[in-house]
$ cat model.cif   # mmCIF, C-alpha atoms
data_work
#
loop_
_atom_site.label_atom_id
_atom_site.label_comp_id
_atom_site.auth_asym_id
_atom_site.auth_seq_id
_atom_site.Cartn_x
_atom_site.Cartn_y
_atom_site.Cartn_z
CA MET A 1 -2.65 28.01 -19.28
CA GLY A 2 -3.22 24.83 -17.16
CA THR A 3 -0.81 22.00 -16.81
CA VAL A 4 -0.85 19.36 -19.51
CA SER A 5 -0.78 15.75 -18.39
CA ASP A 6 -1.37 13.95 -21.69
CA PRO A 7 1.87 12.08 -22.47
CA VAL A 8 1.35 12.33 -26.23
CA GLU A 9 0.94 16.11 -26.10
CA LEU A 10 3.86 16.48 -23.70
CA PHE A 11 6.06 14.33 -25.93
CA THR A 12 5.07 16.29 -29.04
CA ARG A 13 5.87 19.57 -27.30
CA TRP A 14 9.14 18.13 -25.99
CA GLN A 15 10.21 17.06 -29.48
CA SER A 16 9.48 20.60 -30.62
CA GLY A 17 11.93 21.97 -28.06
CA ASP A 18 9.71 22.66 -25.03
CA ALA A 19 12.03 21.68 -22.15
CA GLN A 20 9.29 22.15 -19.53
CA ALA A 21 7.07 19.66 -21.37
CA GLY A 22 9.98 17.21 -21.43
CA ASP A 23 10.53 17.66 -17.72
CA ALA A 24 6.82 17.13 -17.00
CA LEU A 25 6.76 14.03 -19.21
CA LEU A 26 9.77 12.44 -17.54
CA ARG A 27 8.35 13.20 -14.09
CA ALA A 28 5.07 11.56 -15.12
CA CYS A 29 7.00 8.45 -16.21
CA PHE A 30 8.61 7.87 -12.80
CA THR A 31 5.65 6.20 -11.05
CA PRO A 32 4.76 3.81 -13.90
CA LEU A 33 8.44 2.85 -14.27
CA HIS A 34 8.78 2.32 -10.53
CA ARG A 35 5.71 0.08 -10.62
CA PHE A 36 7.18 -1.79 -13.61
CA PHE A 37 10.51 -2.56 -11.91
CA ARG A 38 9.52 -3.02 -8.25
CA ASN A 39 8.46 -6.67 -8.43
CA LYS A 40 11.22 -7.75 -10.78
CA VAL A 41 14.48 -6.70 -9.16
CA SER A 42 15.82 -6.47 -5.66
CA GLY A 43 17.43 -3.43 -4.16
CA GLU A 44 17.44 0.04 -5.61
CA ILE A 45 15.54 0.55 -8.82
CA ASP A 46 16.29 4.24 -9.24
CA ASP A 47 19.25 3.40 -11.47
CA LEU A 48 16.99 1.40 -13.81
CA ILE A 49 14.51 4.25 -13.94
CA GLN A 50 17.26 6.77 -14.66
CA ARG A 51 18.77 4.59 -17.40
CA THR A 52 15.36 4.16 -18.98
CA LEU A 53 14.63 7.88 -18.91
CA LEU A 54 18.11 8.69 -20.22
CA ALA A 55 17.55 6.36 -23.19
CA CYS A 56 14.26 8.16 -23.86
CA ILE A 57 16.03 11.52 -23.78
CA GLU A 58 18.78 10.27 -26.09
CA SER A 59 16.37 8.86 -28.65
CA ARG A 60 13.48 11.27 -28.50
CA GLU A 61 14.20 12.48 -32.03
CA THR A 62 14.01 8.97 -33.46
CA LEU A 63 10.47 8.26 -32.25
CA ARG A 64 8.31 9.32 -35.17
CA ASP A 65 4.85 8.75 -33.69
CA PRO A 66 4.29 10.46 -30.34
CA ALA A 67 1.30 8.17 -29.72
CA GLN A 68 3.83 5.33 -29.44
CA PHE A 69 5.77 6.97 -26.57
CA LYS A 70 4.31 4.75 -23.85
CA ALA A 71 5.14 1.57 -25.78
CA PHE A 72 8.60 2.94 -26.50
CA LEU A 73 9.13 3.80 -22.81
CA PHE A 74 8.24 0.30 -21.61
CA GLY A 75 10.21 -1.31 -24.44
CA VAL A 76 13.28 0.55 -23.20
CA ALA A 77 12.42 -0.39 -19.59
CA ARG A 78 12.20 -4.07 -20.58
CA ASN A 79 15.61 -3.89 -22.28
CA ARG A 80 17.17 -2.22 -19.22
CA LEU A 81 15.59 -4.87 -16.98
CA TYR A 82 17.01 -7.67 -19.13
CA ASP A 83 20.46 -6.00 -19.11
CA ARG A 84 20.40 -5.79 -15.31
CA LEU A 85 19.23 -9.38 -14.87
CA ARG A 86 21.92 -10.67 -17.23
CA SER A 87 24.54 -8.72 -15.30
CA GLU A 88 23.36 -9.50 -11.75
CA LEU A 89 22.68 -13.17 -12.40
CA GLN A 90 25.66 -13.58 -14.73
CA LEU A 91 23.48 -14.93 -17.51
CA GLY A 92 24.76 -15.35 -21.02
CA ALA A 93 23.03 -14.03 -24.11
CA HIS A 94 21.83 -17.57 -24.88
CA ILE A 95 19.27 -17.43 -22.02
CA ASP A 96 15.86 -16.34 -23.34
CA LEU A 97 14.64 -14.10 -20.53
CA SER A 98 11.23 -13.68 -22.13
CA GLU A 99 10.49 -17.36 -21.44
CA ALA A 100 12.12 -17.63 -17.99
CA SER A 101 10.55 -16.63 -14.70
CA LEU A 102 12.42 -14.69 -12.06
CA HIS A 103 11.87 -17.58 -9.68
CA GLU A 104 13.57 -20.01 -12.11
CA LEU A 105 16.45 -17.60 -12.60
CA GLY A 106 17.07 -17.53 -8.86
CA ALA A 107 16.59 -13.78 -8.54
CA SER A 108 16.08 -12.68 -4.96
CA PRO A 109 12.62 -11.28 -4.25
CA SER A 110 12.31 -7.55 -4.05
CA SER A 111 11.30 -6.01 -0.78
CA VAL A 112 7.66 -5.60 -1.66
CA ILE A 113 5.57 -4.77 1.39
CA ALA A 114 2.02 -5.74 0.55
CA ARG A 115 -0.99 -4.75 2.60
CA ASP A 116 -2.38 -8.24 2.82
CA GLN A 117 -1.43 -11.84 2.24
CA ARG A 118 -3.31 -12.03 -1.08
CA GLN A 119 -1.23 -9.22 -2.57
CA GLN A 120 1.94 -10.94 -1.37
CA LEU A 121 0.85 -14.21 -2.97
CA VAL A 122 -0.03 -12.50 -6.24
CA ALA A 123 3.34 -10.73 -6.25
CA GLU A 124 5.13 -14.05 -5.71
CA ALA A 125 2.97 -15.79 -8.32
CA LEU A 126 3.84 -13.05 -10.84
CA ARG A 127 7.53 -13.69 -10.17
CA ARG A 128 7.00 -17.37 -11.01
CA ILE A 129 5.54 -16.93 -14.48
CA PRO A 130 7.63 -16.18 -17.58
CA LEU A 131 8.90 -12.61 -17.52
CA ASP A 132 7.15 -11.55 -20.72
CA TYR A 133 3.88 -12.92 -19.31
CA GLN A 134 4.47 -10.84 -16.19
CA ILE A 135 5.26 -7.74 -18.24
CA ALA A 136 2.20 -8.23 -20.47
CA LEU A 137 -0.14 -8.58 -17.48
CA GLU A 138 1.33 -5.59 -15.65
CA LEU A 139 1.22 -3.33 -18.70
CA SER A 140 -2.37 -4.38 -19.35
CA TYR A 141 -3.63 -4.04 -15.77
CA TRP A 142 -1.45 -1.31 -14.28
CA GLU A 143 -0.76 0.85 -17.29
CA GLY A 144 -4.01 0.26 -19.15
CA MET A 145 -2.11 -0.49 -22.34
CA LYS A 146 -3.87 -2.28 -25.20
CA ALA A 147 -2.54 -5.20 -27.23
CA PRO A 148 -0.97 -3.07 -30.02
CA GLU A 149 1.02 -1.01 -27.48
CA ILE A 150 2.07 -4.08 -25.51
CA GLY A 151 3.05 -5.65 -28.81
CA GLU A 152 5.42 -2.73 -29.43
CA VAL A 153 7.04 -3.34 -26.05
CA LEU A 154 7.38 -7.11 -26.52
CA GLY A 155 8.03 -7.10 -30.26
CA LEU A 156 4.87 -9.10 -31.01
CA ASN A 157 1.75 -8.62 -33.11
CA PRO A 158 -1.47 -7.70 -31.24
CA SER A 159 -3.15 -11.10 -31.66
CA THR A 160 -0.10 -12.83 -30.21
CA VAL A 161 -0.20 -10.38 -27.29
CA ARG A 162 -3.85 -11.19 -26.61
CA THR A 163 -3.00 -14.91 -26.64
CA ARG A 164 -0.03 -14.27 -24.37
CA ILE A 165 -2.18 -12.34 -21.88
CA THR A 166 -4.70 -15.19 -21.82
CA ARG A 167 -1.92 -17.69 -21.19
CA ALA A 168 -0.37 -15.37 -18.61
CA ARG A 169 -3.64 -15.23 -16.68
CA GLY A 170 -3.79 -19.03 -16.71
CA ALA A 171 -0.16 -19.31 -15.61
CA LEU A 172 -0.73 -16.76 -12.85
CA LYS A 173 -3.82 -18.61 -11.64
CA GLU A 174 -1.88 -21.90 -11.59
CA GLN A 175 0.95 -20.32 -9.61
CA LEU A 176 -1.56 -18.91 -7.14
CA ARG A 177 -3.01 -22.40 -6.74
CA GLN A 178 0.47 -23.84 -6.13
CA LEU A 179 1.14 -21.16 -3.53
CA GLY A 180 -2.09 -22.05 -1.76
CA ALA A 181 -4.06 -18.93 -2.65
CA PRO A 182 -7.81 -19.42 -2.86
CA THR A 183 -8.92 -18.89 -6.44
CA GLY A 184 -12.60 -19.06 -7.15
CA GLU A 185 -13.82 -20.04 -10.62
CA GLY A 186 -14.09 -17.01 -12.85
CA GLU A 187 -12.30 -14.88 -10.25
CA GLU A 188 -9.63 -12.66 -11.73
CA PRO A 189 -6.62 -12.22 -9.45
CA LEU A 190 -6.00 -8.71 -8.25
CA LEU A 191 -2.61 -7.50 -9.34
CA PRO A 192 -0.67 -5.72 -6.63
#
$ encode --input "model.cif" --output "structure tokens"
Amino acid sequence: MGTVSDPVELFTRWQSGDAQAGDALLRACFTPLHRFFRNKVSGEIDDLIQRTLLACIESRETLRDPAQFKAFLFGVARNRLYDRLRSELQLGAHIDLSEASLHELGASPSSVIARDQRQQLVAEALRRIPLDYQIALELSYWEGMKAPEIGEVLGLNPSTVRTRITRARGALKEQLRQLGAPTGEGEEPLLP
């Protein structure tokens, strides 16, 4: 029997008691979670990844639809990110992190080593748009998630997600312009 890499099948098997499937699933989650956190926080992100995976382990029985695992995973990751930002930046619960950018919050930039100046500019521009815009773009581009799944992560309906992604692209393009990055008409910025 070959190795299974489909997260839905792995999750289903894990819920049924297959510990090896659970281990494979959690290992497969590491890279996407690392990618999710790396441009949002400074310093070590392993703790955030571990806390996210632990929450998934603790609530695996409550997730009824295995097809929703990816949305659930990134929803938990978003909550852990917000918890860390509130703690590190000493923000009260009254601050709406979904509408604030990391740049506005004064978060120090993560040590992202980009291969070229364009990637560095895009990474900085992403940090300057509202956090939920950043999350929506990253989940769409990096994780290949569709509007319904992103909606599960952000707590929004799919049409609102599509609107948010459109606005996020515009906000990202404007930030790139402000940072001096050349943006041709119709050119979609490459996400790092």
$ atom_distance --input "model.cif" --atom1 "CA of Gly155 in chain A" --atom2 "CA of Asp132 in chain A"
10.6 Å
$ resolve_selection --input "model.cif" --expression "the PyMOL selection byres ((chain A and resi 69) around 12)" --output "JSON, numbers by chain"
{"A": [6, 7, 8, 9, 10, 11, 12, 14, 15, 25, 26, 29, 53, 56, 57, 59, 60, 61, 62, 63, 64, 65, 66, 67, 68, 70, 71, 72, 73, 74, 75, 76, 145, 149, 150, 152, 153]}
$ resolve_selection --input "model.cif" --expression "the PyMOL selection byres ((chain A and resi 32) around 12)" --output "count of residues only"
27
$ atom_distance --input "model.cif" --atom1 "CA of Leu48 in chain A" --atom2 "CA of Asp83 in chain A"
9.7 Å
$ resolve_selection --input "model.cif" --expression "the PyMOL selection byres ((chain A and resi 174) around 12)" --output "tab-separated table (two decimals) with C-alpha atoms, keeping the file's coordinate frame"
chain	number	residue	atom	x	y	z
A	121	LEU	CA	0.85	-14.21	-2.97
A	122	VAL	CA	-0.03	-12.50	-6.24
A	125	ALA	CA	2.97	-15.79	-8.32
A	126	LEU	CA	3.84	-13.05	-10.84
A	128	ARG	CA	7.00	-17.37	-11.01
A	129	ILE	CA	5.54	-16.93	-14.48
A	167	ARG	CA	-1.92	-17.69	-21.19
A	168	ALA	CA	-0.37	-15.37	-18.61
A	169	ARG	CA	-3.64	-15.23	-16.68
A	170	GLY	CA	-3.79	-19.03	-16.71
A	171	ALA	CA	-0.16	-19.31	-15.61
A	172	LEU	CA	-0.73	-16.76	-12.85
A	173	LYS	CA	-3.82	-18.61	-11.64
A	175	GLN	CA	0.95	-20.32	-9.61
A	176	LEU	CA	-1.56	-18.91	-7.14
A	177	ARG	CA	-3.01	-22.40	-6.74
A	178	GLN	CA	0.47	-23.84	-6.13
A	179	LEU	CA	1.14	-21.16	-3.53
A	180	GLY	CA	-2.09	-22.05	-1.76
A	181	ALA	CA	-4.06	-18.93	-2.65
A	182	PRO	CA	-7.81	-19.42	-2.86
A	183	THR	CA	-8.92	-18.89	-6.44
A	184	GLY	CA	-12.60	-19.06	-7.15
A	189	PRO	CA	-6.62	-12.22	-9.45
$ atom_distance --input "model.cif" --atom1 "CA of Ala123 in chain A" --atom2 "CA of Asn39 in chain A"
6.9 Å
$ closest_residue --input "model.cif" --among "A:Ile45, A:Leu131, A:Ile165, A:Leu137" --to "Glu104 in chain A" --atoms "all atoms listed in the file"
A:Leu131
$ residues_around --input "model.cif" --residues "Gly151 in chain A" --least-positions-apart "5" --cutoff "9 Å" --atoms "all atoms listed in the file" --output "MDAnalysis selection string"
chainID A and resid 71 136 146 156:161
$ residues_around --input "model.cif" --residues "Tyr82 in chain A" --least-positions-apart "6" --cutoff "10 Å" --atoms "all atoms listed in the file" --output "PDB file with C-alpha atoms, in the frame of the given file"
ATOM      1  CA  VAL A  76      13.280   0.550 -23.200  1.00  0.00           C
ATOM      2  CA  GLU A  88      23.360  -9.500 -11.750  1.00  0.00           C
ATOM      3  CA  LEU A  91      23.480 -14.930 -17.510  1.00  0.00           C
ATOM      4  CA  ASP A  96      15.860 -16.340 -23.340  1.00  0.00           C
ATOM      5  CA  LEU A  97      14.640 -14.100 -20.530  1.00  0.00           C
ATOM      6  CA  SER A  98      11.230 -13.680 -22.130  1.00  0.00           C
ATOM      7  CA  LEU A 131       8.900 -12.610 -17.520  1.00  0.00           C
TER       8      LEU A 131
END
$ closest_residue --input "model.cif" --among "A:Ile95, A:Gln90, A:Thr166, A:Lys40" --to "Ile135 in chain A" --atoms "all atoms listed in the file"
A:Lys40
$ closest_residue --input "model.cif" --among "A:Arg80, A:Ser140, A:Pro130, A:Ala100" --to "Asp46 in chain A" --atoms "all atoms listed in the file"
A:Arg80
